[in-house]
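*Asks:* Sharing a structure, written as structure tokens. Questions coming.
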Amino acid sequence: MNSNVSRTLLVTLLGAFARRTEDWMPVKGIVTLLDALDVDESSVRTGVSRLKSRGWLVPEKRDDRNGYRLTEVAKASLASGDEVIWHARQPALMEDGWCIATFSVPEELRAKRHRLRGRLLALGFGNLGQGVWIAPARMAAEAIDLVDELELRDNTTVLVGQHVGGQELSRMVRESWDLDAIDEGYRTFIGRHHAALEGLERAHPDDVPPRDAFTLYMRALDDWRVLPMRDPGLPPELLPGDWSGRRAVQLIEQIVTRLEPAALAYVRGVVSGGDRKATAVRGSGAAAALR
């Protein structure tokens with residue numbers, strides 16, 4: 001499996017479940033869970049090592065089992081991601097206005113300048129021009145936190161206000177964001193996961209093996225979590241009439257409602273060292289119908 005895919009699945013696993021298993025997972029549990037997603041043990045250990053070096057994980061032994069605990073850095077980062085993934089996807093209100101971030105970072109700080117650009121993109125900011133970025137006003141606090149984190153306060157200005165004239169907003173939006181690419185991301189997500197949801201709707205909840213619920217949930221969530229970070233959550237008045245984001249939001253909400261309880265139960269069983277075989281056998285005939 002692609003190493004980047006392995007890494008994102010590990011982060012998705014930690015974000016979705018580790019905070020609900022007392023911020024800790026055993027090494028064997030992590031390997032078992034990601035093995036269900038076709039991630040080999042070597043890739044898992046490489047991913048864990050990288051997260052350790054980033055200050056996300058620290059080794060911790062519990063009940064004579066080796067494992068890793070989420071650090072405060074990891075929990076803060078995951079919580080920040082939650083705000084974007086689950087909340088910022090809601091359409092902004094036109095009357096709330098806009099956040100404009102401008103920066104002029106000298107060449108000797110180009111590494112920070114590169115990080116600033118990348119993080120602004122990840123927050124859903126669009127590029128108005130050289131050193132000028134825009135997003136719905138609600139992203140101002142995130143932008144300020146980013147500036148402070150990178151220690152670029154003296155090189156950056158963050159403003160919040162209304163559009164009162166000049167270039168039409170609809171044209172500005174089209175030039176600042178690649179809405180076609182964002183919409184295509186949503187369409188791809190729907191294409192990958194709509195059929196699985198239909199299969200789930202036909203199946204009785206007890207006929208869906210917990211392991212299958214976990215893998216379906218994880219694959220959907222891993223595909224989903226990058227999409228809201230690319231989507232600024234623009235006011236509906238500025239979006240195309242056939243915008244796919246609305247249908248994609250409904251789909252991920254249905255998937256979460258349908259699969260999360262069983263997926264969480266499976267994870268807790270693995271983390272506690274329970275018998276995986278018992279959870280994988282029941283209802284195995286339904287697995288093919290869900291794919």
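Simple scheme: letters A, B, ... for chains in structure tokens order, numbers from 1 for residues in each chain, numbers from 1 for ligands in the order shown.
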I want to know what sits within 12 Å of Asp23 (chain A), based on only C-alpha atoms, with residues of the same chain fewer than 5 positions away left out; could you give that as a list of chain:residue names?
*Replies:*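 Listed by chain and then number, they are A:Leu13, A:Leu14, A:Gly15, A:Ala16, A:Phe17, A:Ala18, A:Trp56, A:Leu57, A:Val58, A:Pro59, A:Glu60, A:Arg62, A:Gly67, A:Tyr68, A:Arg69, A:Leu70, A:Thr71, A:Glu72, A:Ala74, A:Lys75, A:Leu78, A:Val271.
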*Asks:* Give me, as JSON, numbers by chain, the residues of region 29-219 of chain A that a backbone DSSP run labels strand (DSSP E).
*Replies:* {"A": [57, 58, 59, 60, 61, 62, 65, 66, 67, 68, 69, 70, 98, 99, 100, 101, 102, 103, 126, 127, 128, 129, 132, 133, 134, 135, 136, 156, 157, 158, 159, 160, 161]}
*Asks:* Return the single residue from A:Glu149, A:Asp183, A:Asp40, A:Asp207 that is closest to Pro232 (chain A), with distances computed using only C-alpha atoms.
*Replies:*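 Result for the nearest residue to Pro232 (chain A): A:Asp183.
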*Asks:* Quick one: residues within 10 Å of Gly131 (chain A), only C-alpha atoms counted, chain neighbours fewer than 2 positions away excluded, as a ChimeraX atom specification?
*Replies:* /A:101-105,113,117,127-129,133,156
*Asks:* Which residues are near Leu239 (chain A)? Cut-off 9 Å, only C-alpha atoms, ignore same chain within fewer than 3 positions. Put them as a VMD selection string.
*Replies:* chain A and resid 170 173 179 234 to 236 242 to 243
*Asks:* Here is a test: counting only C-alpha atoms, which residue of A:Ala262, A:Ala76, A:Leu227, A:Ala248 is nearest to Pro209 (chain A)?
*Replies:*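 For Pro209 (chain A), the nearest of the candidates is A:Ala262.
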*Asks:* Go through region 95-270 of chain A and collect every residue that DSSP, computed from the backbone, puts in alpha helix (DSSP H); the answer should be as an mmCIF file with C-alpha atoms, in the first residue's frame.
*Replies:*
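states_17.cif, freshly written:
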```cif
data_model
loop_
_atom_site.group_PDB
_atom_site.id
_atom_site.type_symbol
_atom_site.label_atom_id
_atom_site.label_comp_id
_atom_site.auth_asym_id
_atom_site.auth_seq_id
_atom_site.Cartn_x
_atom_site.Cartn_y
_atom_site.Cartn_z
ATOM 1 C CA ARG A 110 11.053 31.230 3.267
ATOM 2 C CA ALA A 111 10.578 27.895 5.072
ATOM 3 C CA LYS A 112 7.995 29.530 7.349
ATOM 4 C CA ARG A 113 6.461 31.281 4.342
ATOM 5 C CA HIS A 114 6.026 27.928 2.626
ATOM 6 C CA ARG A 115 4.446 26.423 5.760
ATOM 7 C CA LEU A 116 2.123 29.418 6.090
ATOM 8 C CA ARG A 117 0.877 29.013 2.528
ATOM 9 C CA GLY A 118 0.355 25.288 2.953
ATOM 10 C CA ARG A 119 -1.514 25.677 6.224
ATOM 11 C CA LEU A 120 -3.730 28.465 4.845
ATOM 12 C CA LEU A 121 -4.683 26.173 1.987
ATOM 13 C CA ALA A 122 -5.421 23.405 4.485
ATOM 14 C CA ALA A 140 -10.083 34.417 11.411
ATOM 15 C CA ALA A 141 -9.301 32.798 14.763
ATOM 16 C CA GLU A 142 -7.632 29.835 13.025
ATOM 17 C CA ALA A 143 -5.575 32.220 10.893
ATOM 18 C CA ILE A 144 -4.424 34.192 13.937
ATOM 19 C CA ASP A 145 -3.497 31.003 15.789
ATOM 20 C CA LEU A 146 -1.463 29.910 12.764
ATOM 21 C CA VAL A 147 0.361 33.249 12.561
ATOM 22 C CA ASP A 148 1.192 33.078 16.265
ATOM 23 C CA GLU A 149 2.319 29.457 15.984
ATOM 24 C CA LEU A 169 -18.108 38.337 -5.219
ATOM 25 C CA SER A 170 -19.021 35.487 -7.551
ATOM 26 C CA ARG A 171 -16.072 36.308 -9.823
ATOM 27 C CA MET A 172 -13.721 36.705 -6.863
ATOM 28 C CA VAL A 173 -14.757 33.292 -5.550
ATOM 29 C CA ARG A 174 -14.154 31.589 -8.897
ATOM 30 C CA GLU A 175 -10.704 33.158 -9.145
ATOM 31 C CA SER A 176 -9.715 32.406 -5.542
ATOM 32 C CA LEU A 179 -14.477 25.031 -7.140
ATOM 33 C CA ASP A 180 -14.494 22.449 -9.935
ATOM 34 C CA ALA A 181 -11.739 20.450 -8.204
ATOM 35 C CA ILE A 182 -13.497 20.664 -4.825
ATOM 36 C CA ASP A 183 -16.770 19.522 -6.379
ATOM 37 C CA GLU A 184 -15.006 16.651 -8.149
ATOM 38 C CA GLY A 185 -13.624 15.516 -4.780
ATOM 39 C CA TYR A 186 -17.154 15.333 -3.404
ATOM 40 C CA ARG A 187 -18.388 13.476 -6.504
ATOM 41 C CA THR A 188 -15.583 10.939 -6.169
ATOM 42 C CA PHE A 189 -16.465 10.392 -2.506
ATOM 43 C CA ILE A 190 -20.117 9.806 -3.377
ATOM 44 C CA GLY A 191 -19.145 7.417 -6.156
ATOM 45 C CA ARG A 192 -16.941 5.366 -3.826
ATOM 46 C CA HIS A 193 -19.252 5.087 -0.852
ATOM 47 C CA HIS A 194 -22.876 5.471 -1.942
ATOM 48 C CA ALA A 195 -23.195 1.834 -3.003
ATOM 49 C CA ALA A 196 -21.817 0.656 0.357
ATOM 50 C CA LEU A 197 -24.440 2.698 2.180
ATOM 51 C CA GLU A 198 -27.196 1.248 0.020
ATOM 52 C CA GLY A 199 -25.957 -2.220 0.935
ATOM 53 C CA LEU A 200 -26.019 -1.294 4.599
ATOM 54 C CA GLU A 201 -29.572 -0.006 4.324
ATOM 55 C CA ARG A 202 -30.669 -3.376 2.894
ATOM 56 C CA PRO A 210 -18.220 -5.488 13.370
ATOM 57 C CA ARG A 211 -14.939 -5.894 11.480
ATOM 58 C CA ASP A 212 -16.669 -5.005 8.197
ATOM 59 C CA ALA A 213 -18.403 -2.055 9.864
ATOM 60 C CA PHE A 214 -14.988 -0.871 11.032
ATOM 61 C CA THR A 215 -13.319 -1.158 7.619
ATOM 62 C CA LEU A 216 -16.193 0.516 5.762
ATOM 63 C CA TYR A 217 -16.333 3.299 8.332
ATOM 64 C CA MET A 218 -12.576 3.863 8.267
ATOM 65 C CA ARG A 219 -12.314 3.971 4.492
ATOM 66 C CA ALA A 220 -15.185 6.434 4.248
ATOM 67 C CA LEU A 221 -13.825 8.624 7.026
ATOM 68 C CA ASP A 222 -10.298 8.580 5.594
ATOM 69 C CA ASP A 223 -11.622 9.684 2.202
ATOM 70 C CA TRP A 224 -13.892 12.270 3.794
ATOM 71 C CA LEU A 227 -12.548 17.221 1.696
ATOM 72 C CA PRO A 228 -13.803 19.825 4.219
ATOM 73 C CA MET A 229 -10.226 21.075 4.567
ATOM 74 C CA ARG A 230 -10.250 21.977 0.876
ATOM 75 C CA GLY A 245 -20.998 19.065 -1.261
ATOM 76 C CA ARG A 246 -24.542 18.912 0.066
ATOM 77 C CA ARG A 247 -25.061 15.298 -1.026
ATOM 78 C CA ALA A 248 -21.606 14.313 0.232
ATOM 79 C CA VAL A 249 -22.349 15.789 3.675
ATOM 80 C CA GLN A 250 -25.603 13.823 3.867
ATOM 81 C CA LEU A 251 -23.784 10.647 2.854
ATOM 82 C CA ILE A 252 -21.003 10.873 5.456
ATOM 83 C CA GLU A 253 -23.569 11.678 8.152
ATOM 84 C CA GLN A 254 -25.574 8.577 7.202
ATOM 85 C CA ILE A 255 -22.438 6.426 7.171
ATOM 86 C CA VAL A 256 -21.375 7.674 10.594
ATOM 87 C CA THR A 257 -24.843 7.100 12.054
ATOM 88 C CA ARG A 258 -25.027 3.594 10.615
ATOM 89 C CA LEU A 259 -21.496 2.338 11.219
ATOM 90 C CA GLU A 260 -19.856 4.209 14.077
ATOM 91 C CA PRO A 261 -21.362 2.261 17.008
ATOM 92 C CA ALA A 262 -20.332 -1.139 15.589
ATOM 93 C CA ALA A 263 -16.933 0.180 14.476
ATOM 94 C CA LEU A 264 -16.234 1.589 17.938
ATOM 95 C CA ALA A 265 -17.289 -1.666 19.595
ATOM 96 C CA TYR A 266 -14.892 -3.568 17.333
ATOM 97 C CA VAL A 267 -12.020 -1.219 18.130
ATOM 98 C CA ARG A 268 -12.639 -1.439 21.865
ATOM 99 C CA GLY A 269 -12.682 -5.214 21.608
ATOM 100 C CA VAL A 270 -9.319 -5.263 19.833
#
```
*Asks:* Could you check which of A:Val11, A:Leu123, A:Val132, A:Thr32 is closest to Val48 (chain A), using only C-alpha atoms?
*Replies:*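 Of A:Val11, A:Leu123, A:Val132, A:Thr32, the one nearest Val48 (chain A), counting only C-alpha atoms, is A:Val11.
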*Asks:* What is the distance, in Å and to one decimal place, between CA of Gly233 (chain A) and CA of Gln90 (chain A)?
*Replies:*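 Atom-to-atom, CA of Gly233 (chain A) and CA of Gln90 (chain A) are spaced 6.0 Å apart.
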*Asks:* I'd like to know which of A:Ser272, A:Gln167, A:Ser244, A:Gln162 is closest to Leu93 (chain A), using only C-alpha atoms.
*Replies:*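 Looking at the shortest contact to Leu93 (chain A), the residue is A:Gln162.
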*Asks:* Which neighbours of Glu41 (chain A) fall inside 10 Å, counting only C-alpha atoms, when residues of the same chain fewer than 4 positions from it are skipped, and could you give them as a ChimeraX atom specification?
*Replies:* /A:28,30-32,34-35,45-47
*Asks:* What is the distance between CA of Ser77 (chain A) and CA of Leu51 (chain A), in Å to one decimal?
*Replies:* 12.1 Å
*Asks:* So, with only C-alpha atoms as the atoms that count, which of A:Gly126, A:Gly241, A:Pro106, A:Gly97 lies closest to Gly161 (chain A)?
*Replies:*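 Once distances to Gly161 (chain A) are computed over only C-alpha atoms, the minimum belongs to A:Gly97.
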*Asks:* Could you please determine the separation between CA of Trp98 (chain A) and CA of Pro136 (chain A) in Å, to one decimal place?
*Replies:* 4.5 Å
